[in-house]
$ cat protein_36.cif   # mmCIF, C-alpha atoms
data_entry
loop_
_atom_site.group_PDB
_atom_site.id
_atom_site.type_symbol
_atom_site.label_atom_id
_atom_site.label_comp_id
_atom_site.auth_asym_id
_atom_site.auth_seq_id
_atom_site.Cartn_x
_atom_site.Cartn_y
_atom_site.Cartn_z
ATOM 1 C CA MET O 1 45.616 27.088 -70.713
ATOM 2 C CA GLU O 2 42.204 25.543 -71.411
ATOM 3 C CA VAL O 3 43.386 22.230 -69.938
ATOM 4 C CA ASP O 4 44.551 23.998 -66.781
ATOM 5 C CA ARG O 5 41.087 25.476 -66.302
ATOM 6 C CA LEU O 6 39.453 22.078 -66.749
ATOM 7 C CA VAL O 7 41.796 20.548 -64.186
ATOM 8 C CA VAL O 8 41.050 23.358 -61.703
ATOM 9 C CA VAL O 9 37.278 23.018 -62.249
ATOM 10 C CA ALA O 10 37.508 19.233 -61.856
ATOM 11 C CA LEU O 11 39.471 19.636 -58.618
ATOM 12 C CA VAL O 12 36.967 22.185 -57.244
ATOM 13 C CA VAL O 13 34.028 19.922 -58.129
ATOM 14 C CA ALA O 14 35.753 16.892 -56.565
ATOM 15 C CA GLY O 15 36.517 18.921 -53.443
ATOM 16 C CA ALA O 16 32.916 20.126 -53.180
ATOM 17 C CA MET O 17 31.669 16.552 -53.554
ATOM 18 C CA ALA O 18 34.056 15.370 -50.827
ATOM 19 C CA VAL O 19 32.888 18.133 -48.471
ATOM 20 C CA ALA O 20 29.225 17.327 -49.217
ATOM 21 C CA PHE O 21 29.833 13.623 -48.581
ATOM 22 C CA VAL O 22 31.486 14.295 -45.213
ATOM 23 C CA ALA O 23 28.782 16.779 -44.230
ATOM 24 C CA GLN O 24 26.042 14.280 -45.126
ATOM 25 C CA ARG O 25 27.647 11.580 -42.980
ATOM 26 C CA ARG O 26 27.991 13.967 -40.023
ATOM 27 C CA ARG O 27 24.336 15.056 -40.123
ATOM 28 C CA PRO O 28 22.689 14.063 -36.841
ATOM 29 C CA ASP O 29 19.939 11.479 -36.795
ATOM 30 C CA ALA O 30 16.397 12.739 -36.869
ATOM 31 C CA PRO O 31 15.060 13.421 -33.381
ATOM 32 C CA THR O 32 13.189 10.550 -31.846
ATOM 33 C CA GLN O 33 9.436 10.800 -31.897
ATOM 34 C CA ALA O 34 7.416 10.454 -28.726
ATOM 35 C CA ARG O 35 5.688 7.118 -28.340
ATOM 36 C CA TRP O 36 2.979 7.188 -25.762
ATOM 37 C CA SER O 37 2.510 4.230 -23.496
ATOM 38 C CA VAL O 38 -0.776 2.332 -23.748
ATOM 39 C CA PRO O 39 -1.441 -0.778 -21.645
ATOM 40 C CA SER O 40 -2.047 -4.016 -23.533
ATOM 41 C CA GLN O 41 -3.703 -5.698 -20.534
ATOM 42 C CA ILE O 42 -5.641 -4.321 -17.581
ATOM 43 C CA ASP O 43 -6.864 -5.906 -14.383
ATOM 44 C CA ARG O 44 -10.632 -5.628 -14.629
ATOM 45 C CA SER O 45 -10.942 -5.629 -10.833
ATOM 46 C CA ASP O 46 -9.210 -2.210 -10.781
ATOM 47 C CA PHE O 47 -12.329 -0.686 -12.347
ATOM 48 C CA THR O 48 -16.078 -0.603 -11.856
ATOM 49 C CA SER O 49 -18.247 -3.323 -13.404
ATOM 50 C CA PRO O 50 -15.537 -5.973 -13.809
ATOM 51 C CA ASP O 51 -18.079 -8.550 -15.022
ATOM 52 C CA VAL O 52 -19.450 -6.545 -17.964
ATOM 53 C CA PRO O 53 -18.196 -7.945 -21.306
ATOM 54 C CA TRP O 54 -16.566 -4.674 -22.434
ATOM 55 C CA LEU O 55 -14.840 -1.950 -20.446
ATOM 56 C CA VAL O 56 -13.974 1.497 -21.758
ATOM 57 C CA VAL O 57 -11.468 3.302 -19.546
ATOM 58 C CA VAL O 58 -10.664 6.960 -20.102
ATOM 59 C CA PHE O 59 -7.561 8.230 -18.308
ATOM 60 C CA THR O 60 -7.944 11.988 -17.776
ATOM 61 C CA SER O 61 -6.778 15.050 -15.886
ATOM 62 C CA THR O 62 -8.726 18.074 -14.675
ATOM 63 C CA THR O 63 -6.215 20.288 -16.506
ATOM 64 C CA CYS O 64 -6.949 18.596 -19.841
ATOM 65 C CA GLY O 65 -9.453 20.455 -21.980
ATOM 66 C CA ALA O 66 -9.771 17.612 -24.509
ATOM 67 C CA CYS O 67 -10.564 15.119 -21.751
ATOM 68 C CA VAL O 68 -14.049 16.535 -21.153
ATOM 69 C CA GLY O 69 -15.072 15.884 -24.749
ATOM 70 C CA THR O 70 -13.471 12.443 -24.730
ATOM 71 C CA VAL O 71 -15.392 11.422 -21.626
ATOM 72 C CA ALA O 72 -18.619 12.732 -23.154
ATOM 73 C CA LYS O 73 -18.021 10.686 -26.321
ATOM 74 C CA THR O 74 -17.435 7.516 -24.314
ATOM 75 C CA GLU O 75 -20.237 7.916 -21.766
ATOM 76 C CA VAL O 76 -22.891 7.498 -24.447
ATOM 77 C CA MET O 77 -21.465 4.026 -25.146
ATOM 78 C CA ALA O 78 -22.451 2.762 -21.694
ATOM 79 C CA CYS O 79 -25.032 -0.032 -21.756
ATOM 80 C CA ASP O 80 -25.583 -3.493 -20.262
ATOM 81 C CA GLU O 81 -22.582 -4.868 -22.166
ATOM 82 C CA VAL O 82 -20.260 -1.837 -22.019
ATOM 83 C CA ALA O 83 -19.058 -0.165 -18.827
ATOM 84 C CA VAL O 84 -17.392 3.241 -19.071
ATOM 85 C CA THR O 85 -15.013 4.466 -16.387
ATOM 86 C CA GLU O 86 -13.109 7.738 -16.103
ATOM 87 C CA VAL O 87 -9.850 7.631 -14.160
ATOM 88 C CA GLU O 88 -8.798 11.185 -13.326
ATOM 89 C CA VAL O 89 -5.130 11.436 -12.345
ATOM 90 C CA GLY O 90 -5.769 13.707 -9.339
ATOM 91 C CA GLU O 91 -8.337 11.290 -7.915
ATOM 92 C CA ASN O 92 -6.463 8.102 -8.740
ATOM 93 C CA PRO O 93 -2.772 8.685 -9.497
ATOM 94 C CA ALA O 94 -1.975 5.073 -8.561
ATOM 95 C CA LEU O 95 -3.897 3.709 -11.562
ATOM 96 C CA HIS O 96 -2.194 6.182 -13.896
ATOM 97 C CA ARG O 97 1.174 4.975 -12.580
ATOM 98 C CA ARG O 98 0.177 1.307 -12.608
ATOM 99 C CA TYR O 99 -0.775 1.476 -16.284
ATOM 100 C CA ASP O 100 2.072 3.857 -17.171
ATOM 101 C CA ILE O 101 -0.246 6.528 -18.563
ATOM 102 C CA ASP O 102 1.905 9.456 -19.645
ATOM 103 C CA VAL O 103 -0.558 11.471 -21.736
ATOM 104 C CA VAL O 104 -4.245 12.295 -21.401
ATOM 105 C CA PRO O 105 -6.724 11.610 -22.654
ATOM 106 C CA THR O 106 -5.806 7.976 -23.165
ATOM 107 C CA MET O 107 -8.690 5.602 -23.741
ATOM 108 C CA VAL O 108 -8.669 1.816 -23.872
ATOM 109 C CA ILE O 109 -11.355 -0.698 -24.748
ATOM 110 C CA ALA O 110 -10.813 -3.989 -22.942
ATOM 111 C CA ASP O 111 -12.614 -7.296 -23.289
ATOM 112 C CA GLY O 112 -13.894 -9.458 -20.446
ATOM 113 C CA GLN O 113 -10.404 -10.820 -19.728
ATOM 114 C CA GLY O 114 -8.874 -7.343 -19.590
ATOM 115 C CA VAL O 115 -7.086 -7.594 -22.942
ATOM 116 C CA VAL O 116 -6.949 -4.150 -24.519
ATOM 117 C CA ARG O 117 -8.514 -4.586 -27.957
ATOM 118 C CA ALA O 118 -8.431 -0.916 -29.026
ATOM 119 C CA SER O 119 -6.903 2.297 -27.753
ATOM 120 C CA PHE O 120 -6.870 5.995 -28.502
ATOM 121 C CA VAL O 121 -4.223 8.490 -27.379
ATOM 122 C CA GLY O 122 -5.554 11.998 -27.578
ATOM 123 C CA PRO O 123 -9.150 12.918 -28.258
ATOM 124 C CA PRO O 124 -10.753 10.274 -30.488
ATOM 125 C CA VAL O 125 -12.976 11.024 -33.436
ATOM 126 C CA ALA O 126 -16.451 9.865 -32.365
ATOM 127 C CA SER O 127 -17.056 7.864 -35.540
ATOM 128 C CA GLU O 128 -13.727 6.026 -35.149
ATOM 129 C CA LEU O 129 -14.499 5.272 -31.511
ATOM 130 C CA TRP O 130 -17.958 3.914 -32.318
ATOM 131 C CA ALA O 131 -16.618 1.923 -35.287
ATOM 132 C CA ALA O 132 -13.908 0.335 -33.127
ATOM 133 C CA MET O 133 -16.436 -0.683 -30.482
ATOM 134 C CA ALA O 134 -18.872 -2.032 -33.081
ATOM 135 C CA ASP O 135 -16.129 -4.027 -34.829
ATOM 136 C CA LEU O 136 -14.907 -5.510 -31.554
ATOM 137 C CA ARG O 137 -18.390 -6.501 -30.439
ATOM 138 C CA GLU O 138 -19.172 -7.987 -33.848
ATOM 139 C CA ASP O 139 -15.925 -9.980 -33.904
ATOM 140 C CA ALA O 140 -16.608 -11.234 -30.378
ATOM 141 C CA GLY O 141 -20.101 -12.279 -31.442
ATOM 142 C CA ARG O 142 -18.606 -14.346 -34.247
ATOM 143 C CA GLY O 143 -15.981 -15.860 -31.918
ATOM 144 C CA LEU O 144 -13.074 -13.931 -33.451
ATOM 145 C CA GLU O 145 -11.617 -12.467 -30.249
ATOM 146 C CA GLY O 146 -7.860 -12.536 -29.915
#
$ encode --input "protein_36.cif" --output "structure tokens"
Amino acid sequence: MEVDRLVVVALVVAGAMAVAFVAQRRRPDAPTQARWSVPSQIDRSDFTSPDVPWLVVVFTSTTCGACVGTVAKTEVMACDEVAVTEVEVGENPALHRRYDIDVVPTMVIADGQGVVRASFVGPPVASELWAAMADLREDAGRGLEG
């Protein structure tokens, strides 16, 4: 009688393990995560001040609350060596399409050849933005670009 119970328990456990194994294999893959598009190269002639060594472009929308703060954080970076340009989707949808911008704010920092050296999707933290610009300018000064 005791042996019969052990056999039944062993069969139930084996059956439960088989069901768990099948259920685990049938579990759907995790949903894909959104990956926002950021250009790796821009045509400097599409923007103001194409001859300035550094260009900060902020892609925005008037319906984006975070865009106002992002533009404010970038505008203070403007100087003789850094041009800052806002590209609002309602005013210039062609540039948003050309650079495949699918979320705002999106900000890129491009060098004199238009190579995007840093980017931020969403509102950047001011200290991270300033640190990225400082690092890029320092590396360029030492001849470490690209």
$ resolve_selection --input "protein_36.cif" --expression "the PyMOL selection byres ((chain O and resi 118) around 7)" --output "ChimeraX atom specification"
/O:108-109,116-117,119,132
$ residues_around --input "protein_36.cif" --residues "O:Phe47" --least-positions-apart "5" --cutoff "9 Å" --atoms "all atoms listed in the file" --output "list in words"
Leu55, Val57, Thr85 and Val87 of chain O
$ write_last_selection --input "protein_36.cif" --atoms "C-alpha atoms" --output "PDB file, in the coordinates of the input"
ATOM      1  CA  LEU O  55     -14.840  -1.950 -20.446  1.00  0.00           C
ATOM      2  CA  VAL O  57     -11.468   3.302 -19.546  1.00  0.00           C
ATOM      3  CA  THR O  85     -15.013   4.466 -16.387  1.00  0.00           C
ATOM      4  CA  VAL O  87      -9.850   7.631 -14.160  1.00  0.00           C
TER       5      VAL O  87
END
$ resolve_selection --input "protein_36.cif" --expression "the PyMOL selection byres ((chain O and resi 103) around 8)" --output "MDAnalysis selection string"
chainID O and resid 36 101:102 104:106 121:122
$ atom_distance --input "protein_36.cif" --atom1 "atom CA of O:Ala110" --atom2 "atom CA of O:Val56"
6.4 Å
$ residues_near_point --input "protein_36.cif" --point "(-14.7, -1.4, -12.4)" --cutoff "12 Å" --atoms "only C-alpha atoms" --output "JSON, numbers by chain"
{"O": [42, 43, 44, 45, 46, 47, 48, 49, 50, 51, 52, 53, 54, 55, 56, 57, 82, 83, 84, 85, 86, 87, 95, 110, 112, 114]}
$ closest_residue --input "protein_36.cif" --among "O:Val71, O:Ala20, O:Ala14, O:Cys64" --to "O:Met107" --atoms "all atoms listed in the file"
O:Val71
$ build_atoms --input "protein_36.cif" --residues "stretch 61-83 of chain O" --atoms "N, CA, C and O atoms" --output "CSV table (one decimal), keeping the file's coordinate frame"
chain,number,residue,atom,x,y,z
O,61,SER,N,-7.3,14.1,-16.9
O,61,SER,CA,-6.8,15.0,-15.9
O,61,SER,C,-7.7,16.3,-15.9
O,61,SER,O,-8.3,16.6,-16.9
O,62,THR,N,-7.9,16.9,-14.7
O,62,THR,CA,-8.7,18.1,-14.7
O,62,THR,C,-8.1,19.2,-15.5
O,62,THR,O,-8.9,20.2,-15.8
O,63,THR,N,-6.8,19.2,-15.7
O,63,THR,CA,-6.2,20.3,-16.5
O,63,THR,C,-6.3,20.1,-18.0
O,63,THR,O,-5.8,20.8,-18.8
O,64,CYS,N,-6.9,19.0,-18.4
O,64,CYS,CA,-6.9,18.6,-19.8
O,64,CYS,C,-8.3,19.0,-20.4
O,64,CYS,O,-9.3,18.5,-20.1
O,65,GLY,N,-8.2,20.0,-21.3
O,65,GLY,CA,-9.5,20.5,-22.0
O,65,GLY,C,-10.1,19.4,-22.9
O,65,GLY,O,-11.3,19.3,-23.0
O,66,ALA,N,-9.3,18.6,-23.6
O,66,ALA,CA,-9.8,17.6,-24.5
O,66,ALA,C,-10.4,16.4,-23.8
O,66,ALA,O,-11.2,15.7,-24.4
O,67,CYS,N,-10.1,16.3,-22.5
O,67,CYS,CA,-10.6,15.1,-21.8
O,67,CYS,C,-12.1,15.2,-21.6
O,67,CYS,O,-12.8,14.2,-21.6
O,68,VAL,N,-12.6,16.4,-21.4
O,68,VAL,CA,-14.0,16.5,-21.2
O,68,VAL,C,-14.8,16.0,-22.3
O,68,VAL,O,-15.8,15.2,-22.2
O,69,GLY,N,-14.4,16.4,-23.5
O,69,GLY,CA,-15.1,15.9,-24.7
O,69,GLY,C,-14.9,14.4,-24.9
O,69,GLY,O,-15.8,13.7,-25.4
O,70,THR,N,-13.7,13.9,-24.6
O,70,THR,CA,-13.5,12.4,-24.7
O,70,THR,C,-14.4,11.6,-23.8
O,70,THR,O,-15.0,10.6,-24.2
O,71,VAL,N,-14.5,12.1,-22.6
O,71,VAL,CA,-15.4,11.4,-21.6
O,71,VAL,C,-16.8,11.5,-22.1
O,71,VAL,O,-17.5,10.5,-22.1
O,72,ALA,N,-17.2,12.6,-22.6
O,72,ALA,CA,-18.6,12.7,-23.2
O,72,ALA,C,-18.9,11.8,-24.3
O,72,ALA,O,-19.9,11.1,-24.4
O,73,LYS,N,-17.9,11.6,-25.2
O,73,LYS,CA,-18.0,10.7,-26.3
O,73,LYS,C,-18.1,9.2,-25.9
O,73,LYS,O,-18.8,8.4,-26.5
O,74,THR,N,-17.4,8.9,-24.8
O,74,THR,CA,-17.4,7.5,-24.3
O,74,THR,C,-18.6,7.2,-23.4
O,74,THR,O,-19.1,6.1,-23.5
O,75,GLU,N,-19.1,8.2,-22.7
O,75,GLU,CA,-20.2,7.9,-21.8
O,75,GLU,C,-21.5,7.4,-22.5
O,75,GLU,O,-22.3,6.7,-22.0
O,76,VAL,N,-21.7,7.9,-23.7
O,76,VAL,CA,-22.9,7.5,-24.4
O,76,VAL,C,-22.8,6.0,-24.9
O,76,VAL,O,-23.8,5.5,-25.4
O,77,MET,N,-21.6,5.4,-24.8
O,77,MET,CA,-21.5,4.0,-25.1
O,77,MET,C,-21.9,3.1,-24.0
O,77,MET,O,-22.1,1.9,-24.3
O,78,ALA,N,-22.1,3.6,-22.8
O,78,ALA,CA,-22.5,2.8,-21.7
O,78,ALA,C,-23.8,2.1,-21.9
O,78,ALA,O,-24.8,2.7,-22.3
O,79,CYS,N,-23.8,0.8,-21.6
O,79,CYS,CA,-25.0,0.0,-21.8
O,79,CYS,C,-24.8,-1.3,-20.9
O,79,CYS,O,-23.8,-1.4,-20.2
O,80,ASP,N,-25.7,-2.3,-21.0
O,80,ASP,CA,-25.6,-3.5,-20.3
O,80,ASP,C,-24.3,-4.3,-20.6
O,80,ASP,O,-23.8,-5.0,-19.7
O,81,GLU,N,-23.8,-4.1,-21.8
O,81,GLU,CA,-22.6,-4.9,-22.2
O,81,GLU,C,-21.3,-4.0,-22.2
O,81,GLU,O,-20.2,-4.6,-22.4
O,82,VAL,N,-21.4,-2.7,-22.0
O,82,VAL,CA,-20.3,-1.8,-22.0
O,82,VAL,C,-20.3,-0.9,-20.8
O,82,VAL,O,-21.2,-0.1,-20.6
O,83,ALA,N,-19.2,-1.1,-20.0
O,83,ALA,CA,-19.1,-0.2,-18.8
O,83,ALA,C,-18.0,0.9,-19.2
O,83,ALA,O,-17.1,0.6,-19.9
